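The file coords_1.tsv comes next; it holds TSV, C-alpha atoms.
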chain	number	residue	atom	x	y	z
A	1	MET	CA	-28.67	190.20	-101.78
A	2	LYS	CA	-32.41	190.07	-101.92
A	3	ARG	CA	-33.13	192.30	-104.89
A	4	LYS	CA	-30.38	190.80	-106.98
A	5	ILE	CA	-31.71	187.33	-106.23
A	6	SER	CA	-35.27	188.35	-107.11
A	7	ILE	CA	-34.26	189.50	-110.60
A	8	SER	CA	-32.16	186.40	-111.19
A	9	LEU	CA	-34.93	184.09	-110.01
A	10	ILE	CA	-37.62	185.52	-112.27
A	11	PHE	CA	-35.22	185.46	-115.21
A	12	CYS	CA	-34.44	181.76	-114.64
A	13	LEU	CA	-38.05	180.69	-114.11
A	14	LEU	CA	-39.23	182.56	-117.18
A	15	SER	CA	-36.76	180.84	-119.47
A	16	ILE	CA	-38.12	177.46	-118.31
A	17	LEU	CA	-41.74	178.51	-118.74
A	18	PHE	CA	-41.25	180.11	-122.15
A	19	ASP	CA	-41.82	176.96	-124.25
A	20	TRP	CA	-43.83	175.21	-121.53
A	21	ASP	CA	-46.42	173.02	-123.29
A	22	SER	CA	-48.96	171.86	-120.75
A	23	GLU	CA	-52.57	172.20	-119.71
A	24	ASN	CA	-54.33	175.58	-119.92
A	25	ASN	CA	-55.24	175.53	-116.24
A	26	TRP	CA	-51.53	175.26	-115.35
A	27	LYS	CA	-50.75	178.38	-117.38
A	28	LEU	CA	-53.77	180.20	-115.95
A	29	ALA	CA	-52.71	179.30	-112.43
A	30	LEU	CA	-49.26	180.74	-113.01
A	31	LYS	CA	-50.76	183.89	-114.51
A	32	SER	CA	-53.11	184.35	-111.56
A	33	VAL	CA	-50.10	184.25	-109.24
A	34	ALA	CA	-48.30	186.74	-111.49
A	35	ALA	CA	-51.30	189.07	-111.49
A	36	GLU	CA	-51.02	189.41	-107.72
A	37	LYS	CA	-47.47	190.79	-108.04
A	38	THR	CA	-48.17	194.52	-108.33
A	39	ASP	CA	-44.83	195.88	-107.04
A	40	CYS	CA	-42.86	197.59	-109.78
A	41	THR	CA	-39.80	199.79	-109.57
A	42	VAL	CA	-39.50	201.68	-112.87
A	43	ILE	CA	-35.85	201.83	-113.88
A	44	ALA	CA	-35.86	202.27	-117.67
A	45	THR	CA	-37.66	203.80	-120.64
A	46	VAL	CA	-37.81	202.35	-124.16
A	47	GLU	CA	-36.01	204.78	-126.48
A	48	SER	CA	-36.36	202.95	-129.79
A	49	ILE	CA	-37.57	199.64	-131.19
A	50	GLY	CA	-36.86	197.66	-134.34
A	51	GLY	CA	-38.20	194.29	-135.40
A	52	GLU	CA	-40.53	192.43	-133.04
A	53	PRO	CA	-39.30	192.26	-129.45
A	54	PHE	CA	-41.78	191.19	-126.78
A	55	LEU	CA	-42.08	191.98	-123.08
A	56	SER	CA	-42.76	189.70	-120.14
A	57	ARG	CA	-44.02	191.15	-116.87
A	58	GLY	CA	-44.82	189.23	-113.71
A	59	TRP	CA	-43.68	185.74	-114.85
A	60	ARG	CA	-46.00	185.77	-117.87
A	61	GLU	CA	-44.87	184.49	-121.25
A	62	PRO	CA	-43.23	187.18	-123.42
A	63	ASN	CA	-46.32	188.20	-125.38
A	64	LEU	CA	-46.71	191.92	-124.62
A	65	GLU	CA	-45.96	194.29	-127.48
A	66	MET	CA	-43.41	197.01	-126.77
A	67	THR	CA	-43.72	200.69	-127.63
A	68	GLU	CA	-41.37	203.67	-127.63
A	69	GLY	CA	-41.61	205.65	-124.41
A	70	GLN	CA	-42.79	202.60	-122.46
A	71	LYS	CA	-41.71	202.45	-118.80
A	72	LEU	CA	-39.99	199.25	-117.72
A	73	CYS	CA	-39.67	197.62	-114.31
A	74	GLU	CA	-36.66	196.07	-112.63
A	75	THR	CA	-38.10	192.55	-113.05
A	76	ASP	CA	-39.30	192.89	-116.65
A	77	VAL	CA	-37.78	190.57	-119.23
A	78	ILE	CA	-37.49	191.26	-122.96
A	79	LEU	CA	-37.53	188.54	-125.62
A	80	MET	CA	-35.29	189.49	-128.55
A	81	ARG	CA	-36.20	187.66	-131.72
A	82	LEU	CA	-34.09	187.55	-134.88
A	83	ASN	CA	-33.30	191.10	-136.10
A	84	ALA	CA	-35.12	192.69	-133.15
A	85	GLU	CA	-33.57	195.89	-131.78
A	86	VAL	CA	-34.27	197.68	-128.51
A	87	SER	CA	-32.58	200.70	-126.97
A	88	LEU	CA	-33.27	201.49	-123.31
A	89	PHE	CA	-32.54	204.57	-121.24
A	90	CYS	CA	-31.56	203.35	-117.78
A	91	GLU	CA	-32.64	206.01	-115.32
A	92	LEU	CA	-30.58	205.06	-112.26
A	93	ILE	CA	-27.28	205.06	-114.14
A	94	ASN	CA	-28.33	207.80	-116.60
A	95	GLU	CA	-27.15	205.80	-119.61
A	96	SER	CA	-28.59	204.32	-122.80
A	97	ARG	CA	-28.19	200.59	-123.31
A	98	THR	CA	-28.75	198.64	-126.54
A	99	LEU	CA	-29.88	195.03	-126.33
A	100	PRO	CA	-27.79	192.99	-128.78
A	101	SER	CA	-29.42	191.21	-131.70
A	102	SER	CA	-29.01	187.46	-131.82
A	103	ILE	CA	-29.23	184.65	-134.32
A	104	ASP	CA	-31.44	182.89	-131.75
A	105	GLN	CA	-34.19	184.07	-129.43
A	106	LYS	CA	-32.68	185.58	-126.29
A	107	LEU	CA	-34.20	186.70	-123.00
A	108	HIS	CA	-32.81	189.85	-121.36
A	109	SER	CA	-33.54	191.00	-117.82
A	110	VAL	CA	-34.10	194.75	-117.73
A	111	GLY	CA	-32.66	194.88	-114.22
A	112	GLN	CA	-29.48	193.15	-115.34
A	113	ARG	CA	-29.09	195.19	-118.54
A	114	CYS	CA	-29.40	198.42	-116.54
A	115	ASP	CA	-27.03	197.29	-113.78
A	116	TYR	CA	-29.83	197.75	-111.26
A	117	SER	CA	-28.36	195.54	-108.54
A	118	GLU	CA	-24.91	197.10	-109.02
A	119	LYS	CA	-26.40	200.59	-108.67
A	120	LEU	CA	-28.03	199.58	-105.40
A	121	CYS	CA	-24.56	198.64	-104.16
A	122	ASP	CA	-23.25	202.04	-105.22
A	123	ILE	CA	-26.02	203.72	-103.25
A	124	THR	CA	-25.83	201.59	-100.10
A	125	ASP	CA	-22.11	200.75	-100.21
A	126	CYS	CA	-22.97	197.07	-99.95
A	127	HIS	CA	-20.24	194.46	-100.07
A	128	ARG	CA	-19.29	192.85	-103.37
A	129	GLY	CA	-17.19	189.84	-102.64
A	130	PRO	CA	-17.60	186.16	-101.85
A	131	GLU	CA	-21.36	186.15	-102.39
A	132	ASP	CA	-20.78	186.92	-106.08
A	133	ASP	CA	-19.29	183.43	-106.52
A	134	PHE	CA	-21.90	181.65	-104.40
A	135	GLU	CA	-24.24	179.76	-106.69
A	136	ILE	CA	-26.42	176.69	-106.92
A	137	ILE	CA	-24.90	174.08	-109.20
A	138	TYR	CA	-27.85	171.69	-109.53
A	139	PRO	CA	-30.68	171.93	-110.35
A	140	SER	CA	-30.73	175.35	-111.99
A	141	ASN	CA	-33.10	176.62	-114.66
A	142	THR	CA	-33.99	173.14	-115.88
A	143	ALA	CA	-36.82	170.62	-115.99
A	144	LEU	CA	-36.34	167.28	-114.23
A	145	LEU	CA	-37.58	163.75	-114.92
A	146	ILE	CA	-37.18	162.70	-111.28
A	147	ASN	CA	-39.30	163.75	-108.28
A	148	ASN	CA	-36.60	163.33	-105.62
A	149	PRO	CA	-33.71	165.44	-106.94
A	150	SER	CA	-30.32	165.98	-105.38
A	151	PHE	CA	-29.14	169.53	-104.64
A	152	ARG	CA	-25.58	170.83	-105.03
A	153	TRP	CA	-24.09	174.28	-104.46
A	154	GLN	CA	-20.72	175.97	-104.14
A	155	PRO	CA	-19.27	176.49	-100.64
A	156	PHE	CA	-19.51	179.93	-99.08
A	157	SER	CA	-16.63	181.38	-97.09
A	158	ASN	CA	-17.04	181.05	-93.29
A	159	ALA	CA	-20.25	179.03	-93.55
A	160	THR	CA	-20.53	176.20	-91.03
A	161	ASN	CA	-23.89	174.82	-92.20
A	162	TYR	CA	-26.49	175.58	-94.86
A	163	MET	CA	-30.25	175.90	-94.72
A	164	VAL	CA	-31.93	174.32	-97.75
A	165	VAL	CA	-35.43	175.67	-98.43
A	166	LEU	CA	-37.77	174.30	-101.10
A	167	LYS	CA	-40.94	176.06	-102.23
A	168	ASN	CA	-43.65	175.39	-104.77
A	169	VAL	CA	-44.43	178.60	-106.65
A	170	LEU	CA	-48.19	178.00	-106.34
A	171	VAL	CA	-48.12	177.14	-102.62
A	172	GLU	CA	-47.75	179.66	-99.80
A	173	GLY	CA	-44.65	179.16	-97.68
A	174	ALA	CA	-41.90	176.56	-97.73
A	175	ILE	CA	-42.93	172.95	-98.38
A	176	TRP	CA	-39.66	171.56	-97.01
A	177	ARG	CA	-36.48	172.79	-95.32
A	178	LYS	CA	-33.37	171.16	-93.91
A	179	THR	CA	-30.10	172.24	-92.25
A	180	VAL	CA	-27.06	170.36	-93.58
A	181	ASN	CA	-23.32	170.45	-93.01
A	182	GLY	CA	-22.00	169.93	-96.55
A	183	THR	CA	-22.70	171.37	-99.99
A	184	GLU	CA	-24.76	168.49	-101.36
A	185	MET	CA	-27.85	166.55	-100.35
A	186	SER	CA	-30.79	164.65	-101.82
A	187	TYR	CA	-34.47	165.26	-101.30
A	188	PRO	CA	-35.35	162.70	-98.57
A	189	ALA	CA	-36.96	159.44	-99.63
A	190	ASP	CA	-39.27	159.55	-96.58
A	191	GLU	CA	-40.78	162.88	-97.70
A	192	PRO	CA	-43.75	163.00	-100.13
A	193	PRO	CA	-42.43	162.90	-103.73
A	194	LEU	CA	-42.44	166.24	-105.48
A	195	LYS	CA	-45.40	166.60	-107.83
A	196	LYS	CA	-45.49	168.27	-111.22
A	197	GLY	CA	-44.84	171.97	-110.78
A	198	LEU	CA	-42.50	174.91	-110.65
A	199	TYR	CA	-40.20	175.04	-107.61
A	200	THR	CA	-37.70	177.45	-106.11
A	201	LEU	CA	-34.64	176.27	-104.21
A	202	THR	CA	-32.96	178.61	-101.71
A	203	ILE	CA	-29.59	177.95	-100.06
A	204	ILE	CA	-28.74	180.05	-96.98
A	205	PRO	CA	-25.19	179.89	-95.52
A	206	LEU	CA	-25.26	179.61	-91.70
A	207	GLN	CA	-22.86	180.50	-88.92
A	208	ALA	CA	-21.82	178.09	-86.16
A	209	ASP	CA	-24.96	179.00	-84.16
A	210	ASN	CA	-27.11	178.23	-87.26
A	211	THR	CA	-28.09	181.87	-87.80
A	212	PRO	CA	-27.81	183.25	-91.36
A	213	LEU	CA	-24.48	184.74	-92.38
A	214	LYS	CA	-24.69	188.46	-93.06
A	215	ILE	CA	-22.59	190.95	-95.02
A	216	ASN	CA	-23.21	194.58	-94.13
A	217	ASP	CA	-26.40	193.52	-92.29
A	218	ARG	CA	-27.71	191.70	-95.36
A	219	GLU	CA	-28.40	187.98	-95.21
A	220	VAL	CA	-26.56	185.97	-97.84
A	221	SER	CA	-28.64	183.51	-99.86
A	222	GLU	CA	-28.98	182.14	-103.37
A	223	GLU	CA	-32.10	181.06	-105.25
A	224	THR	CA	-32.83	179.18	-108.43
A	225	GLY	CA	-35.81	177.56	-110.11
A	226	PHE	CA	-36.60	174.15	-111.61
A	227	VAL	CA	-39.59	172.24	-112.99
A	228	ILE	CA	-40.75	168.72	-112.13
A	229	LEU	CA	-42.38	167.10	-115.16
A	230	ASP	CA	-45.68	165.28	-114.97
A	231	ARG	CA	-45.26	161.57	-114.20
A	232	GLU	CA	-46.71	160.49	-117.54
A	233	GLU	CA	-44.61	163.05	-119.41
A	234	ALA	CA	-41.48	161.83	-117.64
A	235	GLN	CA	-42.29	158.19	-118.45
A	236	GLU	CA	-42.80	159.04	-122.12
A	237	VAL	CA	-39.47	160.88	-122.30
A	238	ARG	CA	-37.67	157.97	-120.59
A	239	LYS	CA	-39.25	155.58	-123.10
A	240	GLN	CA	-38.04	157.68	-126.02
A	241	VAL	CA	-34.54	157.87	-124.51
A	242	GLU	CA	-34.40	154.07	-124.15
A	243	GLU	CA	-35.55	153.59	-127.75
A	244	LEU	CA	-32.92	156.00	-129.05
A	245	GLU	CA	-30.13	154.42	-127.00
A	246	LEU	CA	-31.03	150.95	-128.34
A	247	ASP	CA	-30.53	152.15	-131.92
A	248	SER	CA	-26.84	151.51	-132.70
A	249	SER	CA	-27.16	151.98	-136.47
A	250	ASN	CA	-26.18	155.64	-136.42
A	251	GLU	CA	-24.28	156.82	-133.35
A	252	LEU	CA	-24.11	160.48	-134.40
A	253	GLY	CA	-27.79	160.48	-135.31
A	254	THR	CA	-28.64	158.98	-131.91
A	255	ILE	CA	-26.61	161.62	-130.08
A	256	LEU	CA	-28.27	164.48	-131.97
A	257	ALA	CA	-31.74	162.99	-131.45
A	258	LEU	CA	-31.10	162.62	-127.71
A	259	LEU	CA	-29.95	166.22	-127.40
A	260	ASP	CA	-33.01	167.43	-129.33
A	261	LEU	CA	-35.28	165.38	-127.06
A	262	TYR	CA	-33.71	166.82	-123.92
A	263	LYS	CA	-33.88	170.39	-125.22
A	264	GLU	CA	-37.47	170.05	-126.42
A	265	ASN	CA	-38.47	169.11	-122.87
A	266	ASN	CA	-36.23	171.74	-121.18
A	267	LEU	CA	-34.14	168.95	-119.66
A	268	ARG	CA	-31.05	171.12	-119.72
A	269	ALA	CA	-29.27	169.33	-116.89
A	270	ASP	CA	-29.67	165.98	-118.69
A	271	ALA	CA	-28.42	167.51	-121.93
A	272	ILE	CA	-25.36	168.97	-120.20
A	273	GLU	CA	-24.63	165.64	-118.49
A	274	LYS	CA	-24.86	163.82	-121.83
A	275	LEU	CA	-22.57	166.32	-123.57
A	276	GLU	CA	-20.00	166.16	-120.77
A	277	GLU	CA	-20.12	162.35	-120.92
A	278	LEU	CA	-19.51	162.32	-124.68
A	279	ILE	CA	-16.63	164.77	-124.40
A	280	ASP	CA	-15.04	162.72	-121.60
A	281	GLN	CA	-15.25	159.70	-123.92
A	282	GLY	CA	-13.20	161.55	-126.51
A	283	LYS	CA	-16.15	162.16	-128.84
A	284	SER	CA	-15.67	165.91	-128.84
A	285	SER	CA	-16.56	168.15	-131.76
A	286	VAL	CA	-17.05	171.85	-132.41
A	287	TYR	CA	-20.80	171.27	-132.45
A	288	LEU	CA	-20.87	169.47	-129.09
A	289	TYR	CA	-18.74	172.14	-127.38
A	290	ARG	CA	-20.93	174.87	-128.86
A	291	GLU	CA	-24.09	173.15	-127.67
A	292	LEU	CA	-22.54	172.77	-124.22
A	293	GLY	CA	-21.66	176.46	-124.17
A	294	ASP	CA	-25.21	177.43	-125.16
A	295	LEU	CA	-26.71	175.30	-122.39
A	296	TYR	CA	-24.37	176.63	-119.72
A	297	TRP	CA	-25.17	180.15	-120.90
A	298	ILE	CA	-28.91	179.51	-120.58
A	299	ILE	CA	-28.56	178.35	-116.97
A	300	ASN	CA	-26.31	181.34	-116.21
A	301	ARG	CA	-23.07	179.38	-115.66
A	302	VAL	CA	-20.99	181.96	-117.52
A	303	SER	CA	-17.50	180.64	-116.75
A	304	GLN	CA	-18.45	177.14	-117.95
A	305	ALA	CA	-20.05	178.61	-121.09
A	306	GLU	CA	-16.88	180.59	-121.82
A	307	LYS	CA	-14.71	177.47	-121.42
A	308	ALA	CA	-16.94	175.44	-123.74
A	309	TYR	CA	-16.85	178.13	-126.43
A	310	LEU	CA	-13.07	178.43	-126.10
A	311	ASP	CA	-12.79	174.65	-126.48
A	312	ALA	CA	-15.00	174.87	-129.59
A	313	ILE	CA	-12.74	177.55	-131.05
A	314	SER	CA	-9.59	175.58	-130.22
A	315	LEU	CA	-10.98	172.49	-131.92
A	316	ALA	CA	-12.28	174.52	-134.86
A	317	GLU	CA	-8.79	175.87	-135.62
A	318	THR	CA	-7.95	172.48	-137.13
A	319	ASP	CA	-11.29	172.32	-138.94
A	320	GLU	CA	-11.56	173.48	-142.55
A	321	ASN	CA	-15.19	174.45	-141.97
A	322	LEU	CA	-14.91	178.24	-141.91
A	323	HIS	CA	-18.57	178.68	-141.00
A	324	ALA	CA	-18.18	176.52	-137.88
A	325	ARG	CA	-15.11	178.50	-136.82
A	326	ALA	CA	-16.83	181.83	-137.49
A	327	PHE	CA	-19.93	180.83	-135.57
A	328	ALA	CA	-17.92	179.66	-132.55
A	329	HIS	CA	-16.08	183.00	-132.45
A	330	SER	CA	-19.29	184.99	-132.82
A	331	ARG	CA	-20.93	183.02	-130.01
A	332	LEU	CA	-18.10	183.77	-127.61
A	333	GLY	CA	-18.08	187.39	-128.75
A	334	GLU	CA	-21.76	187.70	-127.93
A	335	LEU	CA	-21.16	186.19	-124.49
A	336	TYR	CA	-18.37	188.68	-123.78
A	337	GLN	CA	-20.64	191.46	-125.01
A	338	ILE	CA	-23.35	190.45	-122.55
A	339	ILE	CA	-20.96	190.32	-119.58
A	340	LYS	CA	-19.43	193.65	-120.61
A	341	GLN	CA	-15.94	192.50	-121.52
A	342	LYS	CA	-15.82	194.81	-124.54
A	343	ASP	CA	-12.20	194.25	-125.56
A	344	LYS	CA	-12.61	190.48	-125.64
A	345	ALA	CA	-15.96	190.83	-127.42
A	346	ALA	CA	-14.42	193.06	-130.09
A	347	GLU	CA	-11.55	190.61	-130.63
A	348	MET	CA	-13.85	187.59	-131.05
A	349	LEU	CA	-16.32	189.43	-133.29
A	350	GLU	CA	-13.54	190.75	-135.53
A	351	LYS	CA	-12.20	187.22	-135.95
A	352	ALA	CA	-15.71	185.98	-136.74
A	353	LYS	CA	-16.11	188.73	-139.34
A	354	ASN	CA	-12.82	187.82	-141.04
A	355	LEU	CA	-13.75	184.14	-141.14
A	356	TYR	CA	-17.15	184.91	-142.66
A	357	GLN	CA	-15.42	187.10	-145.24
A	358	GLU	CA	-13.03	184.28	-146.08
A	359	ALA	CA	-15.99	181.93	-146.46
A	360	GLY	CA	-17.81	184.41	-148.71
A	361	ASN	CA	-20.75	184.68	-146.29
A	362	THR	CA	-21.90	188.27	-146.75
A	363	GLU	CA	-24.92	187.84	-144.49
A	364	GLY	CA	-22.66	186.68	-141.66
A	365	VAL	CA	-20.32	189.61	-142.23
A	366	GLU	CA	-23.18	192.12	-142.10
A	367	ARG	CA	-24.56	190.62	-138.91
A	368	ILE	CA	-21.18	190.75	-137.18
A	369	GLU	CA	-20.62	194.31	-138.37
A	370	GLN	CA	-23.90	195.32	-136.71
A	371	TRP	CA	-22.76	193.75	-133.44
A	372	ILE	CA	-19.39	195.50	-133.64
A	373	GLU	CA	-21.09	198.83	-134.33
A	374	LYS	CA	-23.38	198.41	-131.31
A	375	LEU	CA	-20.43	197.35	-129.18
A	376	GLY	CA	-18.61	200.56	-130.08
A	377	GLY	CA	-21.70	202.60	-129.18

Have the structure of the file written as structure tokens, please.
Amino acid sequence: MKRKISISLIFCLLSILFDWDSENNWKLALKSVAAEKTDCTVIATVESIGGEPFLSRGWREPNLEMTEGQKLCETDVILMRLNAEVSLFCELINESRTLPSSIDQKLHSVGQRCDYSEKLCDITDCHRGPEDDFEIIYPSNTALLINNPSFRWQPFSNATNYMVVLKNVLVEGAIWRKTVNGTEMSYPADEPPLKKGLYTLTIIPLQADNTPLKINDREVSEETGFVILDREEAQEVRKQVEELELDSSNELGTILALLDLYKENNLRADAIEKLEELIDQGKSSVYLYRELGDLYWIINRVSQAEKAYLDAISLAETDENLHARAFAHSRLGELYQIIKQKDKAAEMLEKAKNLYQEAGNTEGVERIEQWIEKLGG
């Protein structure tokens, strides 16, 4: 559904751009595009603020200060720093919503927090079914070292073919499109290599006559965003990866350094691939599963994030490190809180609280108690 996709797309692109360290003219170019986006559907009002949350509007970095009484748009995104607190009044659903605090910086879509897309379905009686599980697997919300990526997505019920559409955010119109029969393809070698930039990928399920599939007169499609790194940047990262992999003196140190390198450059897909490879080799640990869960969460693969956190908890049960066990439970509790599974969230957070108490970590206990209190509200 178009509006739902729009919110999701901006949320994904913003999380890539947030720590983007490149030339000033690149940032200015993105901001000039954002400045042209003047449409804004107000759906929420800021009721109260604590700490230092920041607002992003129109794809800009989250650097706008927030104030009580401020009107928020469906596509606004809020950056919650440590100890930040924000309470919103969502006008369409006539409810107050509290954004959860986090031990890390977290981005929250106002549209998602206020159930904006779900409310549209309530109003228009739109279908909620197979399109909810239709998603792009790769690439999604990540930077890439290569300029001829492959694309993968989940199959959609009754689709015969798929239209693959690629756009550069700073260029008007599609730069490339292709109709394919399966759910995977590579960017063609005979096409011009993709240059450094921010791209959107759209997958449209097609009927036998190659017209878009519709549900209740709405075309089904899914979008995501990814970044192609500059050629020199990519070469430098590859060089650092090769140097790290040649160092066999400290395997654990090499693994951690590789993960840090990937994350520093927003190479989330590479980091996930490396973590999955290590786990398949039997080198699993609570830390690796937790990192995998965090990365899947960032790219909005919730079911995979949940599985990784559950694996971390299962492995941590045999670990005497109470802090590791508590943190794994709190992470999963926060995930359940975000996706509105309150009972599961309460169970995980209560376990985290008990583990922190057993470890004598009063700060951890207080933080979990705040989450539990907000969950009850």

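Interatomic distance, atom CA of Lys195 of chain A to atom CA of Lys178 of chain A: 19.0 Å.
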
Problem - Residue contacts of segment 231-242 of chain A (10 Å, all atoms listed in the file) excluding same-chain residues fewer than 2 positions away, as JSON, numbers by chain - result: {"A": [22, 144, 145, 146, 147, 195, 196, 228, 229, 244, 245, 246, 247, 254, 257, 258, 259, 261, 262, 265]}

If we count all atoms listed in the file, what is near Ile372 of chain A at a cut-off of 8 Å, once residues fewer than 3 positions away on the same chain are taken out, given as a tab-separated table (two decimals) with C-alpha atoms, in the coordinates of the input?
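Saved as out_0.tsv:
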chain	number	residue	atom	x	y	z
A	346	ALA	CA	-14.42	193.06	-130.09
A	349	LEU	CA	-16.32	189.43	-133.29
A	350	GLU	CA	-13.54	190.75	-135.53
A	368	ILE	CA	-21.18	190.75	-137.18
A	369	GLU	CA	-20.62	194.31	-138.37
A	375	LEU	CA	-20.43	197.35	-129.18
A	376	GLY	CA	-18.61	200.56	-130.08

Handout entry: Selection near Thr179 of chain A, 7 Å with only C-alpha atoms, sequence-local residues under 4 positions removed, as an MDAnalysis selection string
Key = chainID A and resid 161:164

Fill in the blank from the handout: Pairwise distance, atom CA of Ile136 of chain A with atom CA of Gly333 of chain A, equals 25.7 Å

Can you tell me, as lines of an AutoDock Vina configuration file, the centre and edge lengths (Å, one decimal) of the axis-aligned box enclosing all of segment 356-372 of chain A's listed atoms after padding each side by 4 Å?
center_x = -19.0
center_y = 188.7
center_z = -141.1
size_x = 19.9
size_y = 21.6
size_z = 23.3

Compile the contact shell of Thr67 of chain A as a PDB file with C-alpha atoms, keeping the file's coordinate frame: residues with an atom at most 12 Å away, counting all atoms listed in the file, same-chain residues fewer than 3 positions apart removed.
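Here's the written file out15.pdb:
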ATOM      1  CA  THR A  45     -37.660 203.800-120.640  1.00  0.00           C
ATOM      2  CA  VAL A  46     -37.810 202.350-124.160  1.00  0.00           C
ATOM      3  CA  GLU A  47     -36.010 204.780-126.480  1.00  0.00           C
ATOM      4  CA  SER A  48     -36.360 202.950-129.790  1.00  0.00           C
ATOM      5  CA  ILE A  49     -37.570 199.640-131.190  1.00  0.00           C
ATOM      6  CA  GLY A  50     -36.860 197.660-134.340  1.00  0.00           C
ATOM      7  CA  GLY A  51     -38.200 194.290-135.400  1.00  0.00           C
ATOM      8  CA  GLU A  52     -40.530 192.430-133.040  1.00  0.00           C
ATOM      9  CA  PRO A  53     -39.300 192.260-129.450  1.00  0.00           C
ATOM     10  CA  PHE A  54     -41.780 191.190-126.780  1.00  0.00           C
ATOM     11  CA  LEU A  55     -42.080 191.980-123.080  1.00  0.00           C
ATOM     12  CA  LEU A  64     -46.710 191.920-124.620  1.00  0.00           C
ATOM     13  CA  GLN A  70     -42.790 202.600-122.460  1.00  0.00           C
ATOM     14  CA  LYS A  71     -41.710 202.450-118.800  1.00  0.00           C
ATOM     15  CA  LEU A  72     -39.990 199.250-117.720  1.00  0.00           C
ATOM     16  CA  GLU A  85     -33.570 195.890-131.780  1.00  0.00           C
ATOM     17  CA  VAL A  86     -34.270 197.680-128.510  1.00  0.00           C
ATOM     18  CA  SER A  87     -32.580 200.700-126.970  1.00  0.00           C
ATOM     19  CA  LEU A  88     -33.270 201.490-123.310  1.00  0.00           C
TER      20      LEU A  88
END

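Atom to atom, atom CA of Lys353 of chain A and atom CA of Val365 of chain A stand 5.2 Å apart.
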
Problem - Polymer residues at most 12 Å from Val286 of chain A, all atoms listed in the file, same-chain spacing of 2 or more positions, as an MDAnalysis selection string - result: chainID A and resid 275 279 283:284 288:293 308:329
